[in-house]
>>> print(open('query_18.txt').read())   # compact mmCIF, C-alpha atoms
# COMPACT_ATOMS: atom_id res chain seq x y z
CA MET S 1 86.36 95.97 96.41
CA ASP S 2 89.65 97.85 96.78
CA ALA S 3 90.21 100.15 93.79
CA ASP S 4 93.70 98.88 93.03
CA ALA S 5 92.72 95.25 93.49
CA ALA S 6 89.80 95.79 91.12
CA LEU S 7 92.09 97.18 88.45
CA LEU S 8 94.37 94.18 88.60
CA ALA S 9 91.67 91.57 89.13
CA ASP S 10 89.70 92.45 86.02
CA PRO S 11 91.89 94.50 83.71
CA ASP S 12 89.69 93.94 80.67
CA THR S 13 86.84 95.90 82.25
CA ALA S 14 88.87 98.34 84.33
CA GLY S 15 90.44 100.35 81.56
CA LEU S 16 93.77 98.56 81.27
CA GLY S 17 93.02 97.24 77.82
CA ALA S 18 94.54 93.81 78.40
CA LYS S 19 92.61 92.30 75.48
CA GLU S 20 94.22 94.77 73.11
CA ASP S 21 97.68 94.47 74.66
CA ARG S 22 99.38 91.18 73.87
CA HIS S 23 102.22 92.08 76.25
CA PHE S 24 99.91 92.27 79.29
CA VAL S 25 100.19 89.16 81.51
CA THR S 26 96.88 88.83 83.32
CA ALA S 27 98.06 86.01 85.61
CA LEU S 28 100.94 88.16 86.85
CA ALA S 29 98.60 91.09 87.40
CA ARG S 30 96.27 88.91 89.45
CA GLY S 31 99.14 87.62 91.57
CA LEU S 32 100.21 91.16 92.31
CA SER S 33 96.62 92.06 93.18
CA VAL S 34 96.71 89.35 95.86
CA LEU S 35 99.81 90.90 97.42
CA ALA S 36 98.19 94.35 97.24
CA CYS S 37 95.38 93.12 99.49
CA PHE S 38 97.69 93.08 102.51
CA GLY S 39 98.41 96.22 104.49
CA PRO S 40 97.80 98.00 107.82
CA GLY S 41 94.87 96.30 109.53
CA ARG S 42 95.00 93.44 107.02
CA THR S 43 98.14 91.59 108.05
CA SER S 44 96.59 88.14 107.69
CA LEU S 45 93.90 87.10 105.22
CA ALA S 46 92.10 83.91 104.26
CA ASN S 47 91.47 82.88 100.67
CA HIS S 48 87.86 84.01 100.87
CA ASP S 49 88.98 87.46 102.12
CA ILE S 50 91.35 87.80 99.18
CA ALA S 51 88.74 86.56 96.71
CA GLU S 52 86.29 89.18 97.93
CA ALA S 53 88.86 91.98 97.84
CA CYS S 54 90.11 91.11 94.35
CA GLY S 55 86.81 90.05 92.80
CA LEU S 56 88.31 86.70 91.77
CA PRO S 57 86.94 83.15 92.09
CA ARG S 58 88.16 81.30 95.19
CA SER S 59 89.62 78.55 93.02
CA THR S 60 91.77 81.11 91.22
CA VAL S 61 92.83 82.70 94.51
CA SER S 62 93.76 79.29 95.94
CA ARG S 63 96.14 78.67 93.04
CA LEU S 64 97.61 82.14 93.34
CA THR S 65 98.20 81.94 97.10
CA TYR S 66 99.72 78.45 96.72
CA THR S 67 102.16 79.73 94.09
CA LEU S 68 103.03 82.87 96.06
CA THR S 69 103.63 80.77 99.16
CA LYS S 70 105.95 78.45 97.24
CA LEU S 71 107.93 81.50 96.08
CA GLY S 72 108.13 83.01 99.56
CA TYR S 73 105.93 86.03 98.89
CA LEU S 74 103.26 84.66 101.23
CA GLN S 75 103.46 82.60 104.38
CA HIS S 76 100.66 80.16 105.20
CA LEU S 77 99.43 80.00 108.80
CA PRO S 78 97.84 76.51 108.91
CA GLU S 79 96.60 76.82 112.47
CA ILE S 80 94.21 79.60 111.46
CA GLY S 81 93.95 78.94 107.71
CA ARG S 82 95.22 82.38 106.73
CA TYR S 83 98.13 83.96 104.91
CA ARG S 84 100.46 86.82 105.64
CA LEU S 85 103.20 88.47 103.60
CA GLY S 86 106.35 86.38 103.36
CA THR S 87 110.00 87.28 103.66
CA ALA S 88 110.45 87.68 99.88
CA THR S 89 108.31 90.81 100.02
CA ILE S 90 110.66 92.29 102.63
CA ALA S 91 113.51 92.17 100.12
CA LEU S 92 111.38 93.90 97.52
CA SER S 93 110.18 96.65 99.85
CA SER S 94 113.66 97.20 101.26
CA ALA S 95 115.11 97.53 97.77
CA ALA S 96 112.36 99.94 96.71
CA LEU S 97 112.69 102.17 99.77
CA GLY S 98 116.47 101.99 99.61
CA GLY S 99 116.30 103.57 96.18
CA LEU S 100 114.37 106.53 97.55
CA ASP S 101 117.27 108.50 99.01
CA VAL S 102 115.03 111.53 98.88
CA ARG S 103 113.36 110.23 102.05
CA GLY S 104 116.44 110.93 104.15
CA ILE S 105 116.77 114.41 102.71
CA ALA S 106 113.08 115.15 103.15
CA ARG S 107 112.70 113.79 106.69
CA PRO S 108 113.95 116.84 108.65
CA VAL S 109 111.95 119.11 106.36
CA LEU S 110 108.78 117.09 106.95
CA ARG S 111 109.42 116.99 110.69
CA ALA S 112 109.78 120.76 110.89
CA VAL S 113 106.44 121.30 109.14
CA ALA S 114 104.73 118.67 111.29
CA GLU S 115 105.91 120.31 114.50
CA ALA S 116 105.00 123.82 113.36
CA ALA S 117 101.55 122.79 112.13
CA ASN S 118 100.91 120.26 114.92
CA ALA S 119 99.82 117.84 112.24
CA SER S 120 100.88 114.74 110.31
CA VAL S 121 103.09 115.32 107.28
CA GLY S 122 103.61 112.53 104.77
CA LEU S 123 105.72 111.92 101.67
CA GLY S 124 103.97 109.84 99.04
CA VAL S 125 104.33 108.24 95.62
CA ARG S 126 101.72 106.94 93.21
CA ASP S 127 100.68 103.30 93.52
CA ARG S 128 98.26 102.71 90.62
CA LEU S 129 95.05 104.48 91.73
CA SER S 130 96.32 105.15 95.24
CA MET S 131 99.09 107.07 96.94
CA ARG S 132 101.58 105.12 99.03
CA TYR S 133 103.25 106.72 102.05
CA VAL S 134 107.04 106.33 101.96
CA ASP S 135 107.61 108.48 105.04
CA CYS S 136 105.52 110.15 107.71
CA GLN S 137 106.29 112.63 110.48
CA ARG S 138 103.92 113.68 113.24
CA GLY S 139 103.54 116.85 115.29
CA PRO S 140 103.13 116.88 119.08
CA ALA S 141 99.33 116.54 119.02
CA ALA S 142 97.96 113.70 121.15
CA ILE S 143 95.59 112.75 118.33
CA SER S 144 96.90 112.20 114.80
CA LEU S 145 96.05 110.44 111.57
CA ASN S 146 96.45 106.66 111.74
CA LEU S 147 98.82 106.57 108.77
CA ASP S 148 102.45 105.54 108.49
CA THR S 149 105.06 104.37 106.01
CA GLY S 150 103.40 101.83 103.72
CA SER S 151 99.88 103.17 104.21
CA ARG S 152 97.82 103.65 101.07
CA ILE S 153 95.20 106.33 100.48
CA SER S 154 92.90 107.41 97.66
CA LEU S 155 94.51 109.05 94.65
CA ALA S 156 91.36 110.87 93.56
CA ARG S 157 89.98 112.07 96.90
CA SER S 158 93.04 112.78 99.03
CA ALA S 159 95.02 116.00 98.95
CA MET S 160 98.22 113.97 98.44
CA GLY S 161 96.79 112.20 95.40
CA ARG S 162 95.36 115.35 93.92
CA ALA S 163 98.71 117.11 94.24
CA TYR S 164 100.32 114.25 92.35
CA VAL S 165 97.74 114.52 89.56
CA ALA S 166 98.32 118.28 89.43
CA ILE S 167 102.01 117.91 88.56
CA CYS S 168 102.20 114.70 86.53
CA THR S 169 102.43 114.82 82.76
CA ASP S 170 99.32 115.35 80.67
CA ARG S 171 99.70 111.85 79.24
CA GLU S 172 99.87 110.23 82.67
CA ARG S 173 96.93 112.30 83.88
CA GLU S 174 94.85 111.18 80.92
CA GLY S 175 95.67 107.55 81.74
CA ILE S 176 94.66 108.04 85.37
CA TYR S 177 91.40 109.63 84.28
CA GLU S 178 90.66 106.74 81.90
CA ASP S 179 91.26 104.14 84.62
CA LEU S 180 89.15 106.00 87.18
CA LYS S 181 86.29 106.38 84.72
CA ALA S 182 86.43 102.70 83.74
CA LEU S 183 86.52 101.61 87.38
CA ASP S 184 83.41 103.56 88.41
CA PRO S 185 81.56 105.39 85.61
CA VAL S 186 78.86 106.58 88.01
CA ALA S 187 81.27 108.26 90.42
CA TRP S 188 83.53 109.57 87.66
CA PRO S 189 81.89 112.96 86.97
CA ALA S 190 82.27 114.03 90.61
CA LEU S 191 85.83 112.67 90.77
CA ARG S 192 86.73 114.47 87.54
CA ALA S 193 85.38 117.75 88.87
CA GLY S 194 87.41 117.36 92.06
CA LEU S 195 90.60 116.54 90.17
CA ASP S 196 90.19 119.38 87.69
CA ARG S 197 89.64 121.75 90.60
CA ALA S 198 92.77 120.39 92.27
CA VAL S 199 94.92 121.04 89.18
CA ALA S 200 93.68 124.64 89.14
CA GLU S 201 94.26 124.98 92.89
CA HIS S 202 97.86 123.82 92.65
CA GLN S 203 98.55 126.43 89.99
CA GLU S 204 96.69 129.26 91.73
CA ILE S 205 97.37 128.80 95.45
CA GLY S 206 100.33 126.41 95.40
CA CYS S 207 98.60 123.39 96.96
CA CYS S 208 95.67 121.01 96.66
CA THR S 209 93.02 120.56 99.32
CA SER S 210 90.79 117.80 100.66
CA PHE S 211 88.52 118.97 103.43
CA GLY S 212 86.36 116.00 104.41
CA GLU S 213 86.39 114.50 100.90
CA TRP S 214 88.75 111.60 101.58
CA GLN S 215 87.46 111.07 105.11
CA GLU S 216 84.76 113.23 106.64
CA THR S 217 86.76 113.92 109.79
CA VAL S 218 90.08 114.75 108.09
CA CYS S 219 91.36 118.05 106.69
CA ALA S 220 94.50 118.06 104.55
CA ILE S 221 96.50 120.06 102.02
CA ALA S 222 99.32 118.84 99.78
CA VAL S 223 102.00 120.05 97.37
CA GLY S 224 103.53 118.06 94.53
CA PHE S 225 107.14 118.19 93.38
CA HIS S 226 109.70 116.59 91.07
CA PRO S 227 112.65 115.23 93.10
CA GLY S 228 114.78 114.61 90.01
CA GLY S 229 117.40 111.90 89.75
CA GLY S 230 115.11 109.76 87.61
CA LEU S 231 112.52 109.46 90.38
CA PRO S 232 108.81 109.90 89.61
CA PRO S 233 106.82 112.89 90.89
CA MET S 234 106.02 112.86 94.60
CA SER S 235 103.79 114.86 96.90
CA VAL S 236 103.82 115.98 100.52
CA ASN S 237 100.65 116.37 102.53
CA CYS S 238 99.87 118.05 105.84
CA GLY S 239 96.72 117.05 107.65
CA ALA S 240 95.00 116.16 110.87
CA PRO S 241 91.64 115.13 112.28
CA THR S 242 89.13 117.99 112.32
CA VAL S 243 89.12 117.91 116.13
CA ILE S 244 92.75 119.09 115.97
CA THR S 245 92.78 121.45 113.02
CA ASP S 246 90.52 123.00 110.42
CA ALA S 247 90.69 124.23 106.85
CA ARG S 248 91.34 127.83 107.85
CA PHE S 249 94.40 126.97 109.95
CA LEU S 250 95.84 124.75 107.23
CA MET S 251 95.37 127.38 104.56
CA GLU S 252 96.56 130.40 106.55
CA VAL S 253 99.27 128.94 108.79
CA ALA S 254 100.41 125.57 107.44
CA ARG S 255 100.20 126.26 103.69
CA PRO S 256 103.06 128.81 103.43
CA ARG S 257 105.33 126.53 105.48
CA LEU S 258 104.43 123.47 103.43
CA ILE S 259 104.96 125.24 100.11
CA ALA S 260 108.37 126.56 101.19
CA ALA S 261 109.39 123.13 102.48
CA VAL S 262 108.42 121.32 99.30
CA ARG S 263 110.12 123.92 97.09
CA SER S 264 113.37 123.06 98.90
CA LEU S 265 112.93 119.45 97.75
CA ASP S 266 112.20 120.19 94.10
CA GLY S 267 115.06 118.77 92.01
CA VAL S 268 116.98 117.79 95.14
CA MET S 269 118.16 114.51 93.61
CA GLY S 270 119.70 116.23 90.60
CA ALA S 271 119.13 115.88 86.87
>>> encode(input="query_18.txt", output="structure tokens")
Amino acid sequence: MDADAALLADPDTAGLGAKEDRHFVTALARGLSVLACFGPGRTSLANHDIAEACGLPRSTVSRLTYTLTKLGYLQHLPEIGRYRLGTATIALSSAALGGLDVRGIARPVLRAVAEAANASVGLGVRDRLSMRYVDCQRGPAAISLNLDTGSRISLARSAMGRAYVAICTDREREGIYEDLKALDPVAWPALRAGLDRAVAEHQEIGCCTSFGEWQETVCAIAVGFHPGGGLPPMSVNCGAPTVITDARFLMEVARPRLIAAVRSLDGVMGA
């Protein structure tokens, strides 16, 4: 099950404390978990696909997809019995991205690092227990990471996610840790060790690393920053498949460029 979908599908057991929070609307959370199932490589889904991803009964999913279709957030494809995101979600995503003016400012900075490092450079924000790409620039390499704007990656295992955790407030970090532990108590000790190491890395060497921990064939580093202007913390990663680059190159060549680039974005949106 997808980590984010699991959190929304069963909040009582995933650390969200819905039973203790009378303001938490479980039905709304489940509807949002249905929408979160869609993404790159999952543009159309059947009810049984969504039920499996969210960990919800098919009868519940059927009611949710019916309602979301009526509201325009999903579109039903009767000829194949599947759903895809509807036009109402376009308005939401456009409004959200339109509010991130930092993307336009960051784009030339990201592009310069991508070209110098011959790697993919992405700008990301937190999306529950994932990081969501809001921009991505690629270097001239023929082979690159299959990630683009809208892609979602692990918060705990990716360099981008770790950099976010390294700069968020102590209170937010504690909440992330609680949710990760509740979601998978068995995996939590190893995840905690990796995140604690990442926080120390960001302070000591200016970036976080993930060499084969998110995906075995991917090396990446990332730096977190506070754009200001009321926006949440963000992070910028630089990575590539191991056939293109390795940890030594990223640390010795790409890291100084990435750190300097991200420092130029810190507070760029003002107070």
>>> closest_residue(input="query_18.txt", among="S:Ala156, S:Leu129, S:Ser151, S:Asn118", to="Thr245 of chain S", atoms="all atoms listed in the file")
S:Asn118
>>> closest_residue(input="query_18.txt", among="S:Met234, S:Ala190, S:Cys219, S:Met251", to="Ala106 of chain S", atoms="only C-alpha atoms")
S:Met234
>>> residues_around(input="query_18.txt", residues="Pro227 of chain S", least_positions_apart="3", cutoff="7 Å", atoms="all atoms listed in the file", output="ChimeraX atom specification")
/S:231,233,265-269
>>> residues_around(input="query_18.txt", residues="Val61 of chain S", least_positions_apart="3", cutoff="9 Å", atoms="all atoms listed in the file", output="number ranges by chain")
S: 30-31, 34, 47-48, 50-51, 54, 56-58, 64-66
>>> residues_around(input="query_18.txt", residues="segment 209-218 of chain S", least_positions_apart="2", cutoff="8 Å", atoms="all atoms listed in the file", output="PyMOL selection string")
chain S and resi 154+157-159+162+198+201+207+220-222+239-243+247
>>> residues_around(input="query_18.txt", residues="segment 134-150 of chain S", least_positions_apart="6", cutoff="9 Å", atoms="only C-alpha atoms", output="PyMOL selection string")
chain S and resi 39-40+97+100+103+106-108+110-125+218+239-241+243-244
>>> write_last_selection(input="query_18.txt", atoms="C-alpha atoms", output="PDB file, keeping the file's coordinate frame")
ATOM      1  CA  GLY S  39      98.410  96.220 104.490  1.00  0.00           C
ATOM      2  CA  PRO S  40      97.800  98.000 107.820  1.00  0.00           C
ATOM      3  CA  LEU S  97     112.690 102.170  99.770  1.00  0.00           C
ATOM      4  CA  LEU S 100     114.370 106.530  97.550  1.00  0.00           C
ATOM      5  CA  ARG S 103     113.360 110.230 102.050  1.00  0.00           C
ATOM      6  CA  ALA S 106     113.080 115.150 103.150  1.00  0.00           C
ATOM      7  CA  ARG S 107     112.700 113.790 106.690  1.00  0.00           C
ATOM      8  CA  PRO S 108     113.950 116.840 108.650  1.00  0.00           C
ATOM      9  CA  LEU S 110     108.780 117.090 106.950  1.00  0.00           C
ATOM     10  CA  ARG S 111     109.420 116.990 110.690  1.00  0.00           C
ATOM     11  CA  ALA S 112     109.780 120.760 110.890  1.00  0.00           C
ATOM     12  CA  VAL S 113     106.440 121.300 109.140  1.00  0.00           C
ATOM     13  CA  ALA S 114     104.730 118.670 111.290  1.00  0.00           C
ATOM     14  CA  GLU S 115     105.910 120.310 114.500  1.00  0.00           C
ATOM     15  CA  ALA S 116     105.000 123.820 113.360  1.00  0.00           C
ATOM     16  CA  ALA S 117     101.550 122.790 112.130  1.00  0.00           C
ATOM     17  CA  ASN S 118     100.910 120.260 114.920  1.00  0.00           C
ATOM     18  CA  ALA S 119      99.820 117.840 112.240  1.00  0.00           C
ATOM     19  CA  SER S 120     100.880 114.740 110.310  1.00  0.00           C
ATOM     20  CA  VAL S 121     103.090 115.320 107.280  1.00  0.00           C
ATOM     21  CA  GLY S 122     103.610 112.530 104.770  1.00  0.00           C
ATOM     22  CA  LEU S 123     105.720 111.920 101.670  1.00  0.00           C
ATOM     23  CA  GLY S 124     103.970 109.840  99.040  1.00  0.00           C
ATOM     24  CA  VAL S 125     104.330 108.240  95.620  1.00  0.00           C
ATOM     25  CA  VAL S 218      90.080 114.750 108.090  1.00  0.00           C
ATOM     26  CA  GLY S 239      96.720 117.050 107.650  1.00  0.00           C
ATOM     27  CA  ALA S 240      95.000 116.160 110.870  1.00  0.00           C
ATOM     28  CA  PRO S 241      91.640 115.130 112.280  1.00  0.00           C
ATOM     29  CA  VAL S 243      89.120 117.910 116.130  1.00  0.00           C
ATOM     30  CA  ILE S 244      92.750 119.090 115.970  1.00  0.00           C
TER      31      ILE S 244
END
>>> residues_around(input="query_18.txt", residues="Val199 of chain S", least_positions_apart="4", cutoff="12 Å", atoms="all atoms listed in the file", output="PyMOL selection string")
chain S and resi 156+159+161-170+173+192-195+203-209+222-224
>>> atom_distance(input="query_18.txt", atom1="atom CA of Arg255 of chain S", atom2="atom CA of Met160 of chain S")
13.5 Å
>>> residues_near_point(input="query_18.txt", point="(89.9, 110.4, 81.2)", cutoff="12 Å", atoms="only C-alpha atoms", output="list in words")
Gly15, Asp170, Arg171, Glu172, Arg173, Glu174, Gly175, Ile176, Tyr177, Glu178, Asp179, Leu180, Lys181, Ala182, Leu183, Asp184, Pro185, Trp188, Pro189, Leu191, Arg192, Ala193, Leu195 and Asp196 of chain S
>>> atom_distance(input="query_18.txt", atom1="atom CA of Asp246 of chain S", atom2="atom CA of Ile259 of chain S")
17.9 Å
>>> atom_distance(input="query_18.txt", atom1="atom CA of Gly86 of chain S", atom2="atom CA of His23 of chain S")
28.0 Å
>>> residues_near_point(input="query_18.txt", point="(92.9, 92.3, 103.6)", cutoff="12 Å", atoms="only C-alpha atoms", output="ChimeraX atom specification")
/S:1-2,5,33-54,82-85
>>> closest_residue(input="query_18.txt", among="S:Ser59, S:Leu92, S:Arg126, S:Val236", to="Leu258 of chain S", atoms="all atoms listed in the file")
S:Val236
>>> closest_residue(input="query_18.txt", among="S:Leu71, S:Leu28, S:Ala254, S:Val102", to="Ala88 of chain S", atoms="only C-alpha atoms")
S:Leu71
>>> decode(input="query_18.txt", residues="segment 240-252 of chain S", atoms="all heavy atoms", output="compact mmCIF listing (two decimals), in the first residue's frame")
# COMPACT_ATOMS: atom_id res chain seq x y z
N ALA S 240 21.18 11.33 -10.03
CA ALA S 240 21.22 10.65 -11.32
C ALA S 240 21.36 9.16 -11.10
O ALA S 240 21.74 8.71 -10.01
CB ALA S 240 22.38 11.17 -12.16
N PRO S 241 21.06 8.37 -12.13
CA PRO S 241 21.32 6.94 -12.03
C PRO S 241 22.81 6.69 -11.80
O PRO S 241 23.66 7.46 -12.24
CB PRO S 241 20.86 6.40 -13.40
CG PRO S 241 19.90 7.43 -13.91
CD PRO S 241 20.41 8.74 -13.40
N THR S 242 23.12 5.60 -11.12
CA THR S 242 24.52 5.29 -10.81
C THR S 242 25.36 5.03 -12.05
O THR S 242 26.59 5.12 -11.99
CB THR S 242 24.60 4.08 -9.87
OG1 THR S 242 23.83 2.99 -10.43
CG2 THR S 242 24.04 4.42 -8.50
N VAL S 243 24.72 4.73 -13.18
CA VAL S 243 25.50 4.53 -14.41
C VAL S 243 26.00 5.85 -14.96
O VAL S 243 26.89 5.88 -15.82
CB VAL S 243 24.66 3.80 -15.50
CG1 VAL S 243 24.31 2.40 -15.04
CG2 VAL S 243 23.39 4.59 -15.84
N ILE S 244 25.43 6.97 -14.46
CA ILE S 244 25.83 8.30 -14.91
C ILE S 244 26.76 8.98 -13.91
O ILE S 244 27.73 9.63 -14.29
CB ILE S 244 24.58 9.19 -15.13
CG1 ILE S 244 23.72 8.62 -16.26
CG2 ILE S 244 24.99 10.63 -15.46
CD1 ILE S 244 24.40 8.60 -17.61
N THR S 245 26.44 8.83 -12.64
CA THR S 245 27.23 9.51 -11.61
C THR S 245 27.40 8.61 -10.41
O THR S 245 26.81 7.54 -10.31
CB THR S 245 26.53 10.82 -11.19
OG1 THR S 245 27.43 11.61 -10.42
CG2 THR S 245 25.27 10.53 -10.38
N ASP S 246 28.23 9.03 -9.48
CA ASP S 246 28.43 8.27 -8.26
C ASP S 246 28.51 9.22 -7.07
O ASP S 246 28.50 10.45 -7.21
CB ASP S 246 29.68 7.40 -8.34
CG ASP S 246 30.95 8.20 -8.62
OD1 ASP S 246 30.96 9.41 -8.37
OD2 ASP S 246 31.94 7.61 -9.10
N ALA S 247 28.58 8.63 -5.88
CA ALA S 247 28.56 9.43 -4.66
C ALA S 247 29.75 10.40 -4.60
O ALA S 247 29.61 11.54 -4.17
CB ALA S 247 28.57 8.51 -3.45
N ARG S 248 30.91 9.94 -5.04
CA ARG S 248 32.10 10.79 -4.96
C ARG S 248 31.94 12.05 -5.81
O ARG S 248 32.25 13.16 -5.36
CB ARG S 248 33.32 10.00 -5.42
CG ARG S 248 34.62 10.80 -5.37
CD ARG S 248 35.79 9.94 -5.78
NE ARG S 248 37.03 10.72 -5.77
CZ ARG S 248 38.21 10.23 -6.09
NH1 ARG S 248 38.33 8.95 -6.43
NH2 ARG S 248 39.28 11.01 -6.07
N PHE S 249 31.44 11.91 -7.03
CA PHE S 249 31.24 13.07 -7.90
C PHE S 249 30.24 14.04 -7.29
O PHE S 249 30.45 15.25 -7.28
CB PHE S 249 30.76 12.62 -9.28
CG PHE S 249 30.41 13.77 -10.20
CD1 PHE S 249 31.39 14.40 -10.94
CD2 PHE S 249 29.10 14.23 -10.30
CE1 PHE S 249 31.09 15.47 -11.77
CE2 PHE S 249 28.78 15.30 -11.13
CZ PHE S 249 29.79 15.92 -11.86
N LEU S 250 29.14 13.50 -6.78
CA LEU S 250 28.12 14.37 -6.19
C LEU S 250 28.67 15.14 -5.00
O LEU S 250 28.40 16.33 -4.84
CB LEU S 250 26.89 13.55 -5.78
CG LEU S 250 26.01 13.00 -6.91
CD1 LEU S 250 24.89 12.16 -6.34
CD2 LEU S 250 25.45 14.12 -7.77
N MET S 251 29.44 14.47 -4.17
CA MET S 251 29.96 15.12 -2.97
C MET S 251 31.07 16.12 -3.29
O MET S 251 31.14 17.20 -2.68
CB MET S 251 30.46 14.06 -1.99
CG MET S 251 29.36 13.18 -1.42
SD MET S 251 28.13 14.12 -0.47
CE MET S 251 29.10 14.50 0.99
N GLU S 252 31.94 15.79 -4.22
CA GLU S 252 33.10 16.64 -4.48
C GLU S 252 32.83 17.74 -5.51
O GLU S 252 33.36 18.85 -5.39
CB GLU S 252 34.28 15.78 -4.96
CG GLU S 252 34.79 14.81 -3.90
CD GLU S 252 35.97 14.00 -4.38
OE1 GLU S 252 36.39 14.18 -5.56
OE2 GLU S 252 36.50 13.17 -3.60
